[in-house]
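For reference, data_3.csv (CSV, C-alpha atoms):
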chain,number,residue,atom,x,y,z
A,1,MET,CA,11.0,-5.7,-8.4
A,2,VAL,CA,8.7,-4.7,-5.6
A,3,TRP,CA,9.0,-2.2,-2.7
A,4,ASP,CA,6.3,-3.5,-0.4
A,5,GLU,CA,6.6,-3.5,3.4
A,6,ALA,CA,3.1,-4.8,3.9
A,7,HIS,CA,3.3,-7.7,1.4
A,8,ASP,CA,0.4,-6.4,-0.6
A,9,GLN,CA,2.0,-8.0,-3.6
A,10,ALA,CA,2.9,-11.3,-1.9
A,11,ARG,CA,1.6,-13.6,-4.6
A,12,GLY,CA,4.6,-14.9,-6.5
A,13,THR,CA,7.0,-12.5,-4.7
A,14,ALA,CA,10.1,-13.6,-2.8
A,15,TYR,CA,10.8,-11.0,-0.1
A,16,PHE,CA,14.0,-10.0,1.5
A,17,SER,CA,14.2,-7.9,4.7
A,18,THR,CA,17.7,-6.4,4.5
A,19,PRO,CA,19.5,-4.5,1.8
A,20,ALA,CA,22.3,-7.2,1.8
A,21,ALA,CA,19.8,-10.1,1.3
A,22,PHE,CA,17.9,-8.2,-1.4
A,23,GLY,CA,21.1,-7.2,-3.2
A,24,ALA,CA,22.4,-10.8,-3.2
A,25,ALA,CA,19.0,-12.1,-4.4
A,26,LEU,CA,18.9,-9.5,-7.2
A,27,LEU,CA,22.4,-10.5,-8.3
A,28,GLU,CA,21.4,-14.2,-8.4
A,29,ALA,CA,18.1,-13.5,-10.1
A,30,GLU,CA,19.9,-11.4,-12.8
A,31,ARG,CA,22.5,-14.2,-13.3
A,32,ALA,CA,19.8,-16.8,-13.7
A,33,ASN,CA,17.8,-14.5,-16.0
A,34,ARG,CA,20.8,-14.1,-18.4
A,35,GLU,CA,21.3,-17.9,-18.5
A,36,THR,CA,17.7,-19.0,-18.8
A,37,GLY,CA,15.7,-16.0,-19.9
A,38,ARG,CA,13.3,-16.5,-17.0
A,39,GLY,CA,12.0,-13.5,-15.2
A,40,TYR,CA,11.9,-13.1,-11.5
A,41,ARG,CA,9.8,-11.3,-8.9
A,42,ILE,CA,11.6,-10.2,-5.8
A,43,GLY,CA,10.6,-7.6,-3.1
A,44,TYR,CA,12.1,-5.6,-0.4
A,45,ASP,CA,10.1,-5.6,2.9
A,46,GLY,CA,12.7,-4.4,5.4
A,47,PRO,CA,13.0,-1.0,7.2
A,48,ARG,CA,11.8,1.9,5.1
A,49,SER,CA,13.8,5.1,4.9
A,50,VAL,CA,14.6,7.6,2.2
A,51,VAL,CA,18.3,6.4,2.2
A,52,ILE,CA,17.3,2.7,1.7
A,53,PHE,CA,14.7,3.7,-0.9
A,54,GLU,CA,17.4,5.6,-2.8
A,55,TRP,CA,19.6,2.6,-2.7
A,56,TRP,CA,16.8,0.4,-3.9
A,57,CYS,CA,16.2,2.8,-6.9
A,58,ALA,CA,19.9,2.6,-7.7
A,59,CYS,CA,19.5,-1.2,-7.8
A,60,VAL,CA,16.6,-0.8,-10.2
A,61,TRP,CA,18.7,1.3,-12.4
A,62,THR,CA,21.5,-1.3,-12.5
A,63,VAL,CA,19.3,-4.0,-14.0
A,64,LEU,CA,17.7,-1.9,-16.7
A,65,ASP,CA,19.1,-3.0,-20.1
A,66,GLY,CA,16.5,-2.0,-22.7
A,67,THR,CA,16.2,-5.5,-24.1
A,68,ARG,CA,13.5,-6.8,-21.8
A,69,PRO,CA,10.8,-5.0,-19.7
A,70,THR,CA,11.6,-4.5,-16.1
A,71,PHE,CA,8.5,-4.1,-13.9
A,72,VAL,CA,8.8,-2.1,-10.7
A,73,LEU,CA,6.0,-1.7,-8.2
A,74,ILE,CA,6.3,0.7,-5.3
A,75,GLU,CA,3.7,0.4,-2.5
A,76,GLU,CA,3.1,3.6,-0.5
A,77,LEU,CA,5.5,5.8,-2.3
A,78,GLY,CA,4.7,8.8,-0.1
A,79,ALA,CA,6.3,7.1,2.9
A,80,VAL,CA,9.8,7.4,1.3
A,81,CYS,CA,9.6,10.8,-0.4
A,82,PRO,CA,11.9,13.2,1.6
A,83,HIS,CA,10.0,16.4,0.8
A,84,PRO,CA,6.6,16.8,-0.9
A,85,GLY,CA,7.0,17.3,-4.6
A,86,GLU,CA,10.6,16.2,-4.7
A,87,ALA,CA,12.2,13.0,-5.9
A,88,THR,CA,15.6,11.8,-4.7
A,89,PRO,CA,18.3,11.6,-7.4
A,90,ALA,CA,18.1,7.8,-8.1
A,91,HIS,CA,14.3,7.9,-8.0
A,92,ARG,CA,14.2,10.8,-10.3
A,93,ARG,CA,16.6,9.0,-12.7
A,94,ILE,CA,14.5,5.9,-13.0
A,95,LEU,CA,11.4,8.1,-13.4
A,96,SER,CA,12.9,10.3,-16.1
A,97,GLU,CA,15.1,8.0,-18.0
A,98,GLY,CA,13.9,4.5,-17.2
A,99,ARG,CA,11.4,4.1,-20.1
A,100,LYS,CA,14.4,4.3,-22.5
A,101,PHE,CA,15.6,1.1,-20.9
A,102,ALA,CA,12.2,-0.7,-20.8
A,103,LEU,CA,11.2,0.2,-17.3
A,104,GLN,CA,7.5,-0.2,-16.5
A,105,TYR,CA,7.0,1.9,-13.3
A,106,HIS,CA,4.0,1.5,-11.1
A,107,ALA,CA,3.5,3.3,-7.7
A,108,THR,CA,0.7,3.6,-5.2
A,109,THR,CA,0.1,6.2,-2.6
A,110,GLN,CA,-2.7,7.2,-0.2
A,111,ARG,CA,-1.6,10.9,-0.1
A,112,PRO,CA,-0.6,12.1,-3.6
A,113,GLN,CA,0.5,15.5,-2.3
A,114,GLU,CA,3.4,13.7,-0.6
A,115,ILE,CA,5.0,12.4,-3.8
A,116,SER,CA,7.2,13.9,-6.4
A,117,LYS,CA,5.7,16.0,-9.2
A,118,THR,CA,8.0,14.0,-11.5
A,119,VAL,CA,5.8,10.9,-10.8
A,120,PHE,CA,2.7,12.8,-12.0
A,121,GLU,CA,4.4,14.3,-15.0
A,122,ASN,CA,5.7,11.0,-16.3
A,123,ALA,CA,2.6,8.9,-15.6
A,124,ALA,CA,0.9,7.6,-18.8
A,125,THR,CA,-2.0,5.8,-17.0
A,126,TRP,CA,-3.8,7.1,-14.0
A,127,PHE,CA,-6.0,5.1,-11.6
A,128,VAL,CA,-7.8,7.6,-9.3
A,129,GLY,CA,-9.8,6.1,-6.4
A,130,GLN,CA,-11.7,7.8,-3.6
A,131,GLN,CA,-10.4,11.2,-2.7
A,132,LYS,CA,-11.0,13.9,-0.1
A,133,GLY,CA,-10.3,17.6,0.3
A,134,VAL,CA,-8.0,19.4,-2.1
A,135,ASN,CA,-7.2,16.1,-3.9
A,136,VAL,CA,-10.8,16.0,-5.4
A,137,LYS,CA,-10.2,19.2,-7.3
A,138,ARG,CA,-6.5,18.3,-8.1
A,139,PHE,CA,-7.5,15.0,-9.8
A,140,ALA,CA,-10.7,16.4,-11.4
A,141,ASP,CA,-8.6,19.1,-13.0
A,142,HIS,CA,-6.0,16.6,-14.3
A,143,LEU,CA,-8.7,14.2,-15.6
A,144,ASP,CA,-10.6,17.2,-17.1
A,145,ILE,CA,-13.9,16.2,-15.4
A,146,GLU,CA,-16.3,17.6,-12.9
A,147,PRO,CA,-15.1,17.3,-9.2
A,148,GLU,CA,-18.3,15.4,-8.4
A,149,ARG,CA,-17.2,12.5,-10.5
A,150,VAL,CA,-14.1,12.1,-8.2
A,151,ARG,CA,-15.9,12.9,-5.0
A,152,ASP,CA,-18.7,10.3,-5.7
A,153,LEU,CA,-16.3,7.4,-6.2
A,154,LYS,CA,-17.2,4.4,-4.0
A,155,PRO,CA,-14.7,1.9,-2.5
A,156,LEU,CA,-13.0,-0.2,-5.3
A,157,GLU,CA,-14.2,2.3,-8.0
A,158,PHE,CA,-11.5,4.0,-10.1
A,159,LEU,CA,-11.4,6.5,-12.8
A,160,VAL,CA,-8.8,5.3,-15.3
A,161,LEU,CA,-7.2,7.6,-17.8
A,162,ASP,CA,-4.7,6.4,-20.3
A,163,GLU,CA,-3.1,9.5,-21.7
A,164,ARG,CA,-1.6,7.4,-24.6
A,165,ALA,CA,-5.2,7.0,-25.9
A,166,GLY,CA,-5.5,10.7,-26.8
A,167,PRO,CA,-8.1,13.1,-25.6
A,168,VAL,CA,-10.7,10.6,-24.2
A,169,PRO,CA,-12.6,10.9,-20.9
A,170,PRO,CA,-11.5,8.6,-18.1
A,171,LYS,CA,-13.3,5.2,-17.8
A,172,LEU,CA,-15.0,4.1,-14.6
A,173,VAL,CA,-13.7,0.8,-13.5
A,174,ARG,CA,-15.2,-1.2,-10.6
A,175,LEU,CA,-13.1,-3.9,-8.9
A,176,ARG,CA,-14.1,-6.5,-6.4
A,177,TYR,CA,-12.2,-8.4,-3.8
A,178,GLN,CA,-11.2,-12.0,-4.7
A,179,LYS,CA,-11.9,-14.7,-2.1
The structure in this file should be written as structure tokens.
Amino acid sequence: MVWDEAHDQARGTAYFSTPAAFGAALLEAERANRETGRGYRIGYDGPRSVVIFEWWCACVWTVLDGTRPTFVLIEELGAVCPHPGEATPAHRRILSEGRKFALQYHATTQRPQEISKTVFENAATWFVGQQKGVNVKRFADHLDIEPERVRDLKPLEFLVLDERAGPVPPKLVRLRYQK
């Protein structure tokens, strides 16, 4: 399931612009999944608000069953966090309890200081791109590297840290745009 107003994840995603349309599509996708075992990729691209995001997170919770991975991608998470450092109840629930039910959670943000600390604390893999200001030190401290390594990142360069791999330094990954 995708939360993506800008259609950054458009390839293969069927988008719905109202909670009612998204909810109906989710029910149908879940019915079809139970009958056929085929997955689905649906996204919400309607109005953004904390209330609607909380509803969307509750929808995520309802489909988690622990027998199959459920992938969730949230674009620009900071835009729907009510207060810096705080998650809404349904969002906190999927962050804290979702992995017991095979949730694979992915979120992006331009301003990490705007998102819940719970997101940071539960993240197993980090992709840190270009940063400015206090975020340079914040991520350097978390990655246990010199701030210059974060400050010197170029566009499409990321320091990737997989905390499941143990105490290893982050890897530098360079991406490129596809034509």
Open item on the list: My list of candidates is A:Gly37, A:Pro169, A:Pro89, A:Pro69. Which is closest to Ala102 (chain A) when distances are computed with only C-alpha atoms?
Closed with: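 Among A:Gly37, A:Pro169, A:Pro89, A:Pro69, it is A:Pro69 that comes nearest to Ala102 (chain A).
For region 142-144 of chain A, the non-local neighbours within 10 Å, defined as residues at least 3 positions apart in the same chain or in other chains and counting all atoms listed in the file, are Phe120, Trp126, Val128, Lys137, Arg138, Phe139, Pro147, Val150, Leu159, Val160, Leu161, Asp162, Glu163, Pro167, Val168, Pro169 and Pro170 of chain A.
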Using only C-alpha atoms, which protein or nucleic acid residues come within 8 Å of Glu75 (chain A)? Drop anything in the same chain fewer than 4 positions from it, and give the result as a PDB file with C-alpha atoms, keeping the file's coordinate frame.
ATOM      1  CA  VAL A   2       8.700  -4.700  -5.600  1.00  0.00           C
ATOM      2  CA  TRP A   3       9.000  -2.200  -2.700  1.00  0.00           C
ATOM      3  CA  ASP A   4       6.300  -3.500  -0.400  1.00  0.00           C
ATOM      4  CA  GLU A   5       6.600  -3.500   3.400  1.00  0.00           C
ATOM      5  CA  ASP A   8       0.400  -6.400  -0.600  1.00  0.00           C
ATOM      6  CA  ALA A 107       3.500   3.300  -7.700  1.00  0.00           C
ATOM      7  CA  THR A 108       0.700   3.600  -5.200  1.00  0.00           C
ATOM      8  CA  THR A 109       0.100   6.200  -2.600  1.00  0.00           C
TER       9      THR A 109
END
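The two atoms in question, CA of Val60 (chain A) and CA of Gln110 (chain A), are spaced 23.2 Å apart.
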Open item on the list: Using only C-alpha atoms, can you tell me which of A:Ser17, A:Ser116, A:Gln104, A:Thr70 comes closest to Gly39 (chain A)?
Closed with: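 Closest residue, counting only C-alpha atoms: A:Thr70.
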